[in-house]
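Below is one structure, written out as structure tokens; comments come after it.
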Amino acid sequence: MYTYLALGDSYTIGEQVPLEENFPNQTVALLKELGTDVADPVTIATTGWTTDELAAAIREHNIKEKFSFVSLLIGVNNQYRGRSVENYRQEFTALLNVAIAFANGQPERVFVLSIPDWGVTPFADGRDRRQVATEIDAYNAACKEIALAHKCQYIEITASTREHGQDKEYLAGDGLHPSGKEYAVWAERLAASVRKTLNH
């Protein structure tokens, strides 16, 4: 039985969607359908968390066990609060090292998801959408560079959030967070990468 640790913020818990529709749970369901026996995800994530808040929560949880694979999706709240990319780079690097340790020191079993672009959603009406996109791109460039430098896997999901950002079917009721339908896109990509890695 494989084990899975999901680290993140609102995008990981699935703000405003049923638990089974968030991307970690959909990923596990897909893996099970494909014959890969995976336990329910252990999740450390809360809406609004920044990199340093996630790091603090991980320390508080004091988890001792190792996991077959780990997902990490964090940074949107750093951008939203106007923090620098340089600050993100430092704190994200530290988090990634923690994630690798949870994956028993196997970086290829850490899956980093790119940061969604909330600037395309109805929630962002009246804001400078182009500015948000530019900042998200800068964060994701740092995120990808660091993930690949650490030999972790990087899964791009930002383009999907931009494509579906105005489509109500792909949005939760708040007009900001994804619906289960959008999370299904992420879960398919993650499950495919996880399966390939576990079978390697």
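The chains in the structure tokens are called A, B, ... from first to last as shown; in each chain the residues are counted from 1, and the ligands are counted from 1 in the order shown.
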### Task
Compile the contact shell of Lys66 (chain A) as an NGL selection string: residues with an atom at most 10 Å away, counting only C-alpha atoms, same-chain residues fewer than 5 positions apart removed.
:A and (3-5 or 99-105)
Residue subset to file, keeping C-alpha atoms, as a PDB file, in the first residue's frame:
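This went into out_19.pdb:
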```
ATOM      1  CA  THR A   3       1.202   6.406   1.046  1.00  0.00           C
ATOM      2  CA  TYR A   4       0.724  10.025  -0.025  1.00  0.00           C
ATOM      3  CA  LEU A   5       1.390  13.349   1.704  1.00  0.00           C
ATOM      4  CA  ALA A  99       9.124  17.397   1.124  1.00  0.00           C
ATOM      5  CA  ILE A 100      12.081  15.382  -0.204  1.00  0.00           C
ATOM      6  CA  ALA A 101      12.838  14.198   3.333  1.00  0.00           C
ATOM      7  CA  PHE A 102       9.196  13.081   3.683  1.00  0.00           C
ATOM      8  CA  ALA A 103       9.601  11.153   0.412  1.00  0.00           C
ATOM      9  CA  ASN A 104      12.429   9.187   2.039  1.00  0.00           C
ATOM     10  CA  GLY A 105      15.074  11.298   0.333  1.00  0.00           C
TER      11      GLY A 105
END
```
### Task
Using DSSP on the backbone coordinates, identify all residues within region 25-168 of chain A classified as helix (DSSP H, G or I); present the result as an MDAnalysis selection string.
chainID A and resid 25:33 51:61 76:80 85:102 107:109 118:120 122:124 129:149 158:163 168
### Task
Counting only C-alpha atoms, figure out which residue out of A:Ile115, A:Cys143, A:Ile58, A:Val110 gets nearest to Glu86 (chain A).
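Of all the options, A:Cys143 lies closest to Glu86 (chain A).
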Pull the closest atom pair for each residue of region 41-128 of chain A that gets at most 12 Å from region 167-173 of chain A, along with the distance in Å to one decimal, counting only C-alpha atoms, ordering rows by chain and then ascending residue number, as CSV.
```
residue,atom,partner,partner_atom,distance
A:Trp118,CA,A:Leu171,CA,10.7
A:Val120,CA,A:Asp167,CA,10.2
A:Thr121,CA,A:Leu171,CA,8.3
A:Pro122,CA,A:Lys168,CA,9.4
A:Phe123,CA,A:Leu171,CA,10.5
```
Pick out the residues sitting within 9 Å of Thr27 (chain A), and hand them over as a short mmCIF file (atom, residue, chain, number, x, y, z; two decimals) with C-alpha atoms, in the first residue's frame; count only C-alpha atoms, and ignore anything fewer than 6 positions along from it in its own chain.
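Writing done, so here's selection_31.cif:
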```cif
data_model
loop_
_atom_site.label_atom_id
_atom_site.label_comp_id
_atom_site.auth_asym_id
_atom_site.auth_seq_id
_atom_site.Cartn_x
_atom_site.Cartn_y
_atom_site.Cartn_z
CA ALA A 184 -9.87 16.46 -12.19
CA TRP A 186 -4.77 18.30 -12.21
CA ALA A 187 -5.44 14.84 -10.77
CA GLU A 188 -5.10 13.19 -14.17
CA ARG A 189 -1.70 14.80 -14.72
CA LEU A 190 -0.51 14.00 -11.22
CA ALA A 191 -1.77 10.42 -11.25
CA ALA A 192 -0.07 9.73 -14.60
#
```
### Query
With only C-alpha atoms as the basis for distance, which of A:Ile44, A:Ile63, A:Ala142, A:Leu148 is at the shortest distance from Pro107 (chain A)?
A:Leu148
### Task
Quote the spacing between CA of Phe111 (chain A) and CA of Phe92 (chain A) in Å to one decimal place.
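CA of Phe111 (chain A) sits 13.4 Å away from CA of Phe92 (chain A).
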### DSSP strand (DSSP E) residues within region 18-118 of chain A, listed as a PyMOL selection string
chain A and resi 42-45+69-73+110-113
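One distance worth recording is that between CA of Leu72 (chain A) and CA of Ala6 (chain A), which is 6.3 Å.
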#### Entry: Distance query Thr158 (chain A) at most 7 Å, only C-alpha atoms, self and fewer than 3 positions along chain excluded, as a list in words
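Within the cut-off, the hits are Ser114, Ile115, Pro116, Asp117, Thr161 and Arg162 of chain A.
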Those same residues, written as an mmCIF file, in the first residue's frame with N, CA and C atoms?
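Below you can see again_21.cif, which holds the result:
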```cif
data_model
loop_
_atom_site.group_PDB
_atom_site.id
_atom_site.type_symbol
_atom_site.label_atom_id
_atom_site.label_comp_id
_atom_site.auth_asym_id
_atom_site.auth_seq_id
_atom_site.Cartn_x
_atom_site.Cartn_y
_atom_site.Cartn_z
ATOM 1 N N SER A 114 2.336 23.647 -10.420
ATOM 2 C CA SER A 114 2.482 25.083 -10.660
ATOM 3 C C SER A 114 1.337 25.843 -9.992
ATOM 4 N N ILE A 115 1.540 27.135 -9.772
ATOM 5 C CA ILE A 115 0.564 27.972 -9.073
ATOM 6 C C ILE A 115 -0.525 28.422 -10.047
ATOM 7 N N PRO A 116 -1.790 28.212 -9.700
ATOM 8 C CA PRO A 116 -2.889 28.665 -10.567
ATOM 9 C C PRO A 116 -2.932 30.190 -10.672
ATOM 10 N N ASP A 117 -3.527 30.679 -11.740
ATOM 11 C CA ASP A 117 -3.678 32.127 -11.927
ATOM 12 C C ASP A 117 -5.095 32.543 -11.513
ATOM 13 N N THR A 161 -5.918 26.551 -15.642
ATOM 14 C CA THR A 161 -6.699 27.504 -14.831
ATOM 15 C C THR A 161 -6.976 28.781 -15.623
ATOM 16 N N ARG A 162 -6.068 29.148 -16.511
ATOM 17 C CA ARG A 162 -6.295 30.331 -17.360
ATOM 18 C C ARG A 162 -7.348 30.043 -18.426
#
```
### Task
For CA of Thr134 (chain A) and CA of Thr47 (chain A), quote the distance in Å rounded to one decimal.
22.7 Å
### Query
Can you tell me, as a ChimeraX atom specification, what residues are no more than 10 Å from Gly35 (chain A) when counting only C-alpha atoms, ignoring any on the same chain fewer than 5 positions away?
/A:29-30,195
### Counting only C-alpha atoms, the residue of A:Ala149, A:Ala124, A:Ile155, A:Leu7 that sits nearest Leu176 (chain A)
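Of the candidates, the smallest distance to Leu176 (chain A) is held by A:Ala124.
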### Task
Using only C-alpha atoms, determine which residues lie at most 8 Å from Asn78 (chain A), disregarding the query and same-chain residues fewer than 4 positions distant; provide the list as a ChimeraX atom specification.
/A:50-51,82-84,88
Compile the contact shell of Thr197 (chain A) as a compact mmCIF listing (two decimals) with N, CA, C and O atoms, in the first residue's frame: residues with an atom at most 9 Å away, counting only C-alpha atoms, same-chain residues fewer than 3 positions apart removed.
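Saved to result30.txt:
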```
# COMPACT_ATOMS: atom_id res chain seq x y z
N GLU A 108 12.59 12.40 -6.90
CA GLU A 108 11.72 12.10 -8.04
C GLU A 108 10.31 11.71 -7.58
O GLU A 108 9.38 11.65 -8.39
N ARG A 109 10.15 11.49 -6.28
CA ARG A 109 8.82 11.15 -5.73
C ARG A 109 8.14 12.38 -5.11
O ARG A 109 7.13 12.24 -4.42
N ALA A 192 -0.89 10.31 -13.52
CA ALA A 192 -0.07 9.73 -14.60
C ALA A 192 1.41 9.78 -14.23
O ALA A 192 2.14 8.79 -14.42
N SER A 193 1.85 10.90 -13.69
CA SER A 193 3.27 11.05 -13.30
C SER A 193 3.61 10.14 -12.13
O SER A 193 4.68 9.51 -12.11
N VAL A 194 2.71 10.08 -11.15
CA VAL A 194 2.96 9.23 -9.98
C VAL A 194 3.05 7.76 -10.40
O VAL A 194 3.97 7.04 -9.99
N HIS A 200 8.44 2.66 -12.11
CA HIS A 200 9.75 2.74 -12.77
C HIS A 200 10.74 1.76 -12.15
O HIS A 200 10.96 1.78 -10.96
```
